[in-house]
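Note sheet for the following structure.
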Amino acid sequence: MKIGYARVSTDEQSDSAQLDALQEAGCERIYQEKGSGKSRPRPELERMTDSLRAGDVVVVQRLDRLGRSLKDLIELLDEFKQQGVQFISLNESIDTTTAVGELAFHMIGSIAHFERRIISERTKAGLAAARARGRKGGRKAKLTPSDIRKAHAMLLDPDVTKAEIAEHFGVSRPTLDKALNKTAIKCLD
């Protein structure tokens, strides 16, 4: 079965051109979505993917109607492939039911994989360079060394609980425990 998916970003936009193209392509069922591709969830897309069976063909007018990003698109197309579902994008002439279309899909997938690897390598190099300059990544500590000393002093009072101390400093109990344990370890060294 050919199943179409049409999406427009706002209620003011018309999806009639997409619907016409999908009907002309022979889609027997069409799922229509109105909302930004970035918004979550996309209930019609979820309904469509839940209804897919091996041998079905998903058809879209343009690739950007299906995926929010290249990564999102590749994940959806991989999911289709695992289910035995083919894919056609009318504007880009990608048709995984043909050898050339499947090659185009694999090339897009390879480019996306390459892009993810490059981003990962750049991130690692940037973090290493920052560490070499003495910068430490991560969040800023919620408790200053002065706060931790005060928390230790407050713990000396048997009537004061750790929960009360955590509330006093505006942190969670695990955050307080972690800070106290770090200073206890430093004291032992």
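Letters for chains follow the order of the structure tokens (A, B, ...), residue numbers begin at 1 for each chain, and ligand numbers begin at 1 in the order shown.
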Check chain A with DSSP on the backbone and list each residue it calls alpha helix (DSSP H), as a short mmCIF file (atom, residue, chain, number, x, y, z; two decimals) with N, CA, C and O atoms, in the first residue's frame.
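Below is the file part-v8.cif, written as the result:
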data_model
loop_
_atom_site.label_atom_id
_atom_site.label_comp_id
_atom_site.auth_asym_id
_atom_site.auth_seq_id
_atom_site.Cartn_x
_atom_site.Cartn_y
_atom_site.Cartn_z
N SER A 16 -2.47 21.73 0.29
CA SER A 16 -3.17 21.22 -0.90
C SER A 16 -2.20 20.77 -2.00
O SER A 16 -2.45 19.76 -2.67
N ALA A 17 -1.07 21.47 -2.18
CA ALA A 17 -0.10 21.06 -3.21
C ALA A 17 0.49 19.69 -2.85
O ALA A 17 0.65 18.84 -3.72
N GLN A 18 0.78 19.50 -1.56
CA GLN A 18 1.31 18.20 -1.12
C GLN A 18 0.27 17.10 -1.33
O GLN A 18 0.59 16.02 -1.83
N LEU A 19 -0.96 17.38 -0.93
CA LEU A 19 -2.02 16.38 -1.04
C LEU A 19 -2.27 16.00 -2.50
O LEU A 19 -2.42 14.82 -2.83
N ASP A 20 -2.26 17.02 -3.39
CA ASP A 20 -2.44 16.74 -4.82
C ASP A 20 -1.32 15.85 -5.34
O ASP A 20 -1.57 14.88 -6.07
N ALA A 21 -0.08 16.16 -4.97
CA ALA A 21 1.08 15.38 -5.44
C ALA A 21 1.01 13.94 -4.91
O ALA A 21 1.30 12.99 -5.64
N LEU A 22 0.60 13.78 -3.66
CA LEU A 22 0.51 12.45 -3.06
C LEU A 22 -0.61 11.63 -3.71
O LEU A 22 -0.45 10.43 -3.97
N GLN A 23 -1.75 12.28 -3.99
CA GLN A 23 -2.85 11.57 -4.65
C GLN A 23 -2.44 11.18 -6.07
O GLN A 23 -2.73 10.08 -6.53
N GLU A 24 -1.73 12.07 -6.76
CA GLU A 24 -1.28 11.79 -8.11
C GLU A 24 -0.26 10.64 -8.11
O GLU A 24 -0.18 9.87 -9.07
N PRO A 43 1.66 13.52 16.21
CA PRO A 43 0.75 12.38 16.35
C PRO A 43 0.42 11.67 15.03
O PRO A 43 0.30 10.45 15.01
N GLU A 44 0.27 12.41 13.95
CA GLU A 44 -0.07 11.77 12.68
C GLU A 44 1.09 10.94 12.15
O GLU A 44 0.90 9.86 11.59
N LEU A 45 2.32 11.43 12.35
CA LEU A 45 3.49 10.66 11.94
C LEU A 45 3.57 9.37 12.76
O LEU A 45 3.83 8.29 12.23
N GLU A 46 3.30 9.49 14.05
CA GLU A 46 3.30 8.30 14.92
C GLU A 46 2.21 7.31 14.50
O GLU A 46 2.45 6.11 14.46
N ARG A 47 1.01 7.84 14.19
CA ARG A 47 -0.08 6.96 13.72
C ARG A 47 0.32 6.24 12.44
O ARG A 47 0.08 5.04 12.27
N MET A 48 0.97 7.00 11.53
CA MET A 48 1.38 6.39 10.27
C MET A 48 2.42 5.29 10.52
O MET A 48 2.27 4.18 10.00
N THR A 49 3.46 5.59 11.31
CA THR A 49 4.51 4.58 11.52
C THR A 49 3.96 3.36 12.24
O THR A 49 4.41 2.24 11.99
N ASP A 50 2.98 3.56 13.11
CA ASP A 50 2.37 2.42 13.81
C ASP A 50 1.57 1.53 12.86
O ASP A 50 1.41 0.34 13.09
N SER A 51 1.04 2.13 11.78
CA SER A 51 0.19 1.37 10.87
C SER A 51 0.97 0.68 9.74
O SER A 51 0.41 -0.11 9.00
N LEU A 70 18.50 16.11 9.15
CA LEU A 70 19.03 14.98 8.40
C LEU A 70 19.12 13.76 9.30
O LEU A 70 18.77 12.65 8.90
N LYS A 71 19.56 13.97 10.53
CA LYS A 71 19.67 12.86 11.50
C LYS A 71 18.30 12.22 11.74
O LYS A 71 18.16 11.00 11.71
N ASP A 72 17.29 13.05 11.96
CA ASP A 72 15.93 12.56 12.19
C ASP A 72 15.41 11.80 10.97
O ASP A 72 14.82 10.73 11.10
N LEU A 73 15.69 12.34 9.81
CA LEU A 73 15.25 11.70 8.57
C LEU A 73 15.91 10.33 8.39
O LEU A 73 15.25 9.35 8.08
N ILE A 74 17.20 10.26 8.63
CA ILE A 74 17.93 9.00 8.48
C ILE A 74 17.39 7.96 9.46
O ILE A 74 17.20 6.79 9.13
N GLU A 75 17.12 8.40 10.70
CA GLU A 75 16.57 7.47 11.71
C GLU A 75 15.21 6.92 11.26
O GLU A 75 14.95 5.72 11.38
N LEU A 76 14.35 7.79 10.72
CA LEU A 76 13.04 7.34 10.24
C LEU A 76 13.19 6.37 9.07
O LEU A 76 12.53 5.33 9.03
N LEU A 77 14.07 6.70 8.13
CA LEU A 77 14.26 5.84 6.97
C LEU A 77 14.88 4.49 7.37
O LEU A 77 14.52 3.46 6.80
N ASP A 78 15.77 4.50 8.37
CA ASP A 78 16.32 3.24 8.88
C ASP A 78 15.22 2.39 9.51
O ASP A 78 15.18 1.18 9.34
N GLU A 79 14.33 3.06 10.24
CA GLU A 79 13.20 2.37 10.86
C GLU A 79 12.32 1.74 9.78
O GLU A 79 11.89 0.59 9.91
N PHE A 80 12.06 2.49 8.71
CA PHE A 80 11.26 1.96 7.61
C PHE A 80 11.94 0.72 7.02
O PHE A 80 11.30 -0.30 6.78
N LYS A 81 13.24 0.83 6.78
CA LYS A 81 13.97 -0.28 6.16
C LYS A 81 13.90 -1.54 7.02
O LYS A 81 13.71 -2.64 6.51
N GLN A 82 14.05 -1.37 8.35
CA GLN A 82 13.98 -2.52 9.26
C GLN A 82 12.60 -3.17 9.22
O GLN A 82 12.47 -4.38 9.43
N GLN A 83 11.56 -2.38 8.97
CA GLN A 83 10.20 -2.91 8.90
C GLN A 83 9.86 -3.46 7.51
O GLN A 83 8.78 -3.97 7.31
N ALA A 99 17.07 0.46 -7.51
CA ALA A 99 18.48 0.37 -7.14
C ALA A 99 19.11 1.76 -7.01
O ALA A 99 19.85 2.03 -6.07
N VAL A 100 18.81 2.66 -7.94
CA VAL A 100 19.37 4.02 -7.90
C VAL A 100 18.86 4.77 -6.68
O VAL A 100 19.62 5.47 -5.99
N GLY A 101 17.59 4.62 -6.36
CA GLY A 101 17.01 5.27 -5.18
C GLY A 101 17.62 4.77 -3.89
O GLY A 101 17.89 5.54 -2.96
N GLU A 102 17.85 3.47 -3.82
CA GLU A 102 18.48 2.90 -2.63
C GLU A 102 19.91 3.41 -2.50
O GLU A 102 20.37 3.72 -1.41
N LEU A 103 20.62 3.53 -3.62
CA LEU A 103 21.97 4.09 -3.60
C LEU A 103 21.95 5.52 -3.09
O LEU A 103 22.77 5.90 -2.25
N ALA A 104 21.00 6.33 -3.57
CA ALA A 104 20.88 7.72 -3.11
C ALA A 104 20.62 7.76 -1.61
O ALA A 104 21.22 8.57 -0.89
N PHE A 105 19.77 6.87 -1.12
CA PHE A 105 19.49 6.81 0.32
C PHE A 105 20.75 6.48 1.09
O PHE A 105 21.06 7.10 2.11
N HIS A 106 21.53 5.50 0.61
CA HIS A 106 22.76 5.12 1.31
C HIS A 106 23.79 6.25 1.27
O HIS A 106 24.54 6.44 2.24
N MET A 107 23.83 7.00 0.17
CA MET A 107 24.75 8.13 0.11
C MET A 107 24.37 9.20 1.13
O MET A 107 25.24 9.75 1.81
N ILE A 108 23.08 9.47 1.24
CA ILE A 108 22.62 10.44 2.24
C ILE A 108 22.98 9.95 3.64
O ILE A 108 23.46 10.71 4.48
N GLY A 109 22.77 8.67 3.89
CA GLY A 109 23.11 8.09 5.19
C GLY A 109 24.59 8.19 5.48
O GLY A 109 25.00 8.50 6.61
N SER A 110 25.42 7.95 4.46
CA SER A 110 26.88 8.04 4.64
C SER A 110 27.30 9.46 4.95
O SER A 110 28.17 9.70 5.79
N ILE A 111 26.70 10.42 4.26
CA ILE A 111 27.02 11.83 4.52
C ILE A 111 26.61 12.20 5.94
O ILE A 111 27.35 12.88 6.65
N ALA A 112 25.45 11.75 6.39
CA ALA A 112 25.00 12.05 7.75
C ALA A 112 25.94 11.43 8.78
O ALA A 112 26.28 12.06 9.78
N HIS A 113 26.37 10.20 8.53
CA HIS A 113 27.30 9.54 9.44
C HIS A 113 28.62 10.30 9.49
O HIS A 113 29.19 10.53 10.56
N PHE A 114 29.12 10.72 8.32
CA PHE A 114 30.35 11.49 8.23
C PHE A 114 30.21 12.79 9.02
O PHE A 114 31.10 13.17 9.80
N GLU A 115 29.07 13.47 8.86
CA GLU A 115 28.83 14.73 9.55
C GLU A 115 28.84 14.53 11.07
O GLU A 115 29.45 15.31 11.80
N ARG A 116 28.20 13.46 11.56
CA ARG A 116 28.19 13.18 13.01
C ARG A 116 29.60 12.93 13.52
O ARG A 116 29.97 13.38 14.60
N ARG A 117 30.41 12.18 12.76
CA ARG A 117 31.79 11.89 13.17
C ARG A 117 32.63 13.16 13.22
O ARG A 117 33.42 13.34 14.14
N ILE A 118 32.49 14.02 12.23
CA ILE A 118 33.25 15.28 12.20
C ILE A 118 32.88 16.14 13.41
O ILE A 118 33.75 16.69 14.08
N ILE A 119 31.61 16.26 13.71
CA ILE A 119 31.16 17.05 14.86
C ILE A 119 31.73 16.46 16.14
O ILE A 119 32.22 17.19 17.01
N SER A 120 31.71 15.15 16.27
CA SER A 120 32.25 14.49 17.45
C SER A 120 33.75 14.76 17.60
O SER A 120 34.23 15.07 18.70
N GLU A 121 34.48 14.65 16.50
CA GLU A 121 35.93 14.90 16.55
C GLU A 121 36.23 16.34 16.92
O GLU A 121 37.13 16.61 17.71
N ARG A 122 35.48 17.29 16.36
CA ARG A 122 35.68 18.70 16.70
C ARG A 122 35.40 18.96 18.17
O ARG A 122 36.11 19.71 18.83
N THR A 123 34.35 18.35 18.68
CA THR A 123 33.99 18.53 20.08
C THR A 123 35.09 18.00 20.99
O THR A 123 35.51 18.68 21.94
N LYS A 124 35.58 16.79 20.69
CA LYS A 124 36.65 16.21 21.50
C LYS A 124 37.91 17.06 21.44
O LYS A 124 38.58 17.27 22.46
N ALA A 125 38.26 17.56 20.26
CA ALA A 125 39.45 18.41 20.12
C ALA A 125 39.28 19.71 20.91
O ALA A 125 40.22 20.16 21.58
N GLY A 126 38.10 20.30 20.86
CA GLY A 126 37.84 21.52 21.61
C GLY A 126 37.93 21.31 23.10
O GLY A 126 38.49 22.14 23.84
N LEU A 127 37.39 20.19 23.59
CA LEU A 127 37.47 19.89 25.03
C LEU A 127 38.91 19.66 25.46
O LEU A 127 39.33 20.12 26.53
N ALA A 128 39.68 18.95 24.63
CA ALA A 128 41.09 18.70 24.96
C ALA A 128 41.87 20.01 25.01
O ALA A 128 42.70 20.23 25.90
N ALA A 129 41.61 20.91 24.05
CA ALA A 129 42.29 22.20 24.03
C ALA A 129 41.93 23.02 25.26
O ALA A 129 42.79 23.68 25.86
N ALA A 130 40.67 22.98 25.67
CA ALA A 130 40.24 23.72 26.86
C ALA A 130 40.91 23.16 28.11
O ALA A 130 41.36 23.91 28.97
N ARG A 131 41.00 21.83 28.20
CA ARG A 131 41.67 21.21 29.36
C ARG A 131 43.15 21.60 29.39
O ARG A 131 43.72 21.85 30.45
N ALA A 132 43.78 21.66 28.22
CA ALA A 132 45.20 22.03 28.14
C ALA A 132 45.41 23.47 28.62
O ALA A 132 46.48 23.79 29.14
N PRO A 145 33.24 26.77 48.25
CA PRO A 145 34.00 26.20 49.38
C PRO A 145 33.54 26.76 50.73
O PRO A 145 33.48 26.04 51.72
N SER A 146 33.15 28.04 50.74
CA SER A 146 32.64 28.66 51.97
C SER A 146 31.33 27.99 52.41
O SER A 146 31.12 27.71 53.59
N ASP A 147 30.44 27.72 51.43
CA ASP A 147 29.17 27.05 51.74
C ASP A 147 29.42 25.66 52.31
O ASP A 147 28.72 25.24 53.25
N ILE A 148 30.39 24.97 51.75
CA ILE A 148 30.68 23.60 52.22
C ILE A 148 31.22 23.64 53.65
O ILE A 148 30.83 22.81 54.49
N ARG A 149 32.10 24.62 53.95
CA ARG A 149 32.60 24.76 55.33
C ARG A 149 31.44 25.03 56.30
O ARG A 149 31.36 24.46 57.38
N LYS A 150 30.52 25.89 55.87
CA LYS A 150 29.36 26.21 56.72
C LYS A 150 28.48 24.97 56.91
O LYS A 150 27.97 24.72 58.01
N ALA A 151 28.31 24.20 55.83
CA ALA A 151 27.50 22.98 55.93
C ALA A 151 28.14 21.99 56.91
O ALA A 151 27.43 21.37 57.71
N HIS A 152 29.46 21.84 56.86
CA HIS A 152 30.16 20.96 57.81
C HIS A 152 29.93 21.45 59.24
O HIS A 152 29.66 20.65 60.15
N ALA A 153 30.01 22.76 59.45
CA ALA A 153 29.78 23.33 60.78
C ALA A 153 28.35 23.09 61.24
O ALA A 153 28.11 22.76 62.42
N MET A 154 27.40 23.22 60.34
CA MET A 154 25.99 23.01 60.69
C MET A 154 25.74 21.55 61.07
O MET A 154 24.89 21.26 61.91
N LEU A 155 26.48 20.63 60.45
CA LEU A 155 26.31 19.21 60.75
C LEU A 155 26.76 18.85 62.16
O LEU A 155 26.38 17.80 62.69
N LYS A 162 20.57 16.86 57.42
CA LYS A 162 21.15 17.17 56.11
C LYS A 162 20.09 17.77 55.18
O LYS A 162 20.38 18.64 54.37
N ALA A 163 18.86 17.30 55.31
CA ALA A 163 17.78 17.83 54.47
C ALA A 163 17.58 19.32 54.75
O ALA A 163 17.36 20.12 53.82
N GLU A 164 17.65 19.71 56.02
CA GLU A 164 17.50 21.13 56.39
C GLU A 164 18.67 21.95 55.85
O GLU A 164 18.48 23.07 55.36
N ILE A 165 19.87 21.39 55.91
CA ILE A 165 21.05 22.10 55.40
C ILE A 165 20.93 22.27 53.88
O ILE A 165 21.20 23.36 53.35
N ALA A 166 20.51 21.21 53.20
CA ALA A 166 20.34 21.29 51.75
C ALA A 166 19.31 22.36 51.39
O ALA A 166 19.53 23.16 50.47
N GLU A 167 18.22 22.39 52.12
CA GLU A 167 17.18 23.39 51.88
C GLU A 167 17.72 24.80 52.14
O GLU A 167 17.44 25.73 51.39
N HIS A 168 18.53 24.97 53.19
CA HIS A 168 19.12 26.26 53.53
C HIS A 168 19.96 26.81 52.37
O HIS A 168 19.90 28.00 52.07
N PHE A 169 20.72 25.92 51.74
CA PHE A 169 21.59 26.35 50.63
C PHE A 169 20.90 26.29 49.27
O PHE A 169 21.50 26.63 48.25
N ARG A 173 19.48 17.17 48.35
CA ARG A 173 20.26 16.39 49.32
C ARG A 173 21.42 15.66 48.65
O ARG A 173 22.54 15.68 49.18
N PRO A 174 21.22 15.02 47.48
CA PRO A 174 22.37 14.38 46.81
C PRO A 174 23.48 15.37 46.45
O PRO A 174 24.66 15.03 46.53
N THR A 175 23.11 16.60 46.06
CA THR A 175 24.13 17.61 45.74
C THR A 175 24.94 17.96 46.97
O THR A 175 26.17 18.06 46.92
N LEU A 176 24.26 18.12 48.09
CA LEU A 176 24.95 18.40 49.35
C LEU A 176 25.88 17.24 49.72
O LEU A 176 27.04 17.45 50.06
N ASP A 177 25.37 16.02 49.65
CA ASP A 177 26.18 14.85 49.99
C ASP A 177 27.43 14.77 49.12
O ASP A 177 28.53 14.48 49.60
N LYS A 178 27.28 15.02 47.84
CA LYS A 178 28.41 14.96 46.90
C LYS A 178 29.47 15.99 47.29
O LYS A 178 30.66 15.69 47.31
N ALA A 179 29.03 17.21 47.59
CA ALA A 179 29.98 18.27 47.97
C ALA A 179 30.69 17.92 49.28
O ALA A 179 31.90 18.12 49.41
N LEU A 180 29.93 17.39 50.23
CA LEU A 180 30.54 17.02 51.53
C LEU A 180 31.53 15.87 51.36
O LEU A 180 32.59 15.87 51.98
N ASN A 181 31.18 14.91 50.51
CA ASN A 181 32.08 13.77 50.29
C ASN A 181 33.36 14.19 49.59
O ASN A 181 34.43 13.67 49.90
N LYS A 182 33.28 15.12 48.65
CA LYS A 182 34.48 15.60 47.95
C LYS A 182 35.44 16.26 48.93
O LYS A 182 36.64 16.05 48.85
N THR A 183 34.91 17.07 49.84
CA THR A 183 35.80 17.75 50.78
C THR A 183 36.34 16.76 51.81
O THR A 183 37.46 16.91 52.26
N ALA A 184 35.57 15.73 52.15
CA ALA A 184 36.06 14.72 53.09
C ALA A 184 37.21 13.94 52.46
O ALA A 184 38.20 13.63 53.13
N ILE A 185 37.11 13.65 51.17
CA ILE A 185 38.17 12.92 50.47
C ILE A 185 39.42 13.78 50.39
O ILE A 185 40.54 13.31 50.61
N LYS A 186 39.27 15.10 50.12
CA LYS A 186 40.42 15.99 50.05
C LYS A 186 41.12 16.08 51.39
O LYS A 186 42.32 16.18 51.47
N CYS A 187 40.33 16.05 52.48
CA CYS A 187 40.90 16.10 53.82
C CYS A 187 41.73 14.86 54.13
O CYS A 187 42.72 14.90 54.86
N LEU A 188 41.30 13.70 53.60
CA LEU A 188 42.01 12.45 53.83
C LEU A 188 43.32 12.38 53.05
O LEU A 188 44.25 11.70 53.45
#
Skip Glu33 (chain A) itself and residues of its chain fewer than 3 positions away, then list as a list of chain:residue names all residues within 10 Å of it, counting only C-alpha atoms. A:Tyr5, A:Ala6, A:Arg7, A:Val8, A:Ser9, A:Thr10, A:Asp11, A:Asp15, A:Ile30, A:Ser36, A:Gly37, A:Arg42, A:Pro43, A:Glu44, A:Leu45, A:Arg65
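The list of residues with at least one atom within 7 Å of Ser89 (chain A), based on only C-alpha atoms and without residues fewer than 3 positions apart in the same chain, reads A:Val59, A:Val60, A:Gln61, A:Arg62, A:Leu63, A:Glu92, A:Ser93, A:Ile94, A:Asp95.
For the pair CA of Val160 (chain A) and CA of Thr144 (chain A), the separation is 20.2 Å.
Nearest to Val58 (chain A) of all the residues A:Gln32, A:Gln13, A:Leu90, A:Ile3 is A:Ile3, based on only C-alpha atoms.
Taking CA of Gly4 (chain A) and CA of Lys34 (chain A) as endpoints, the distance between them is 14.4 Å.
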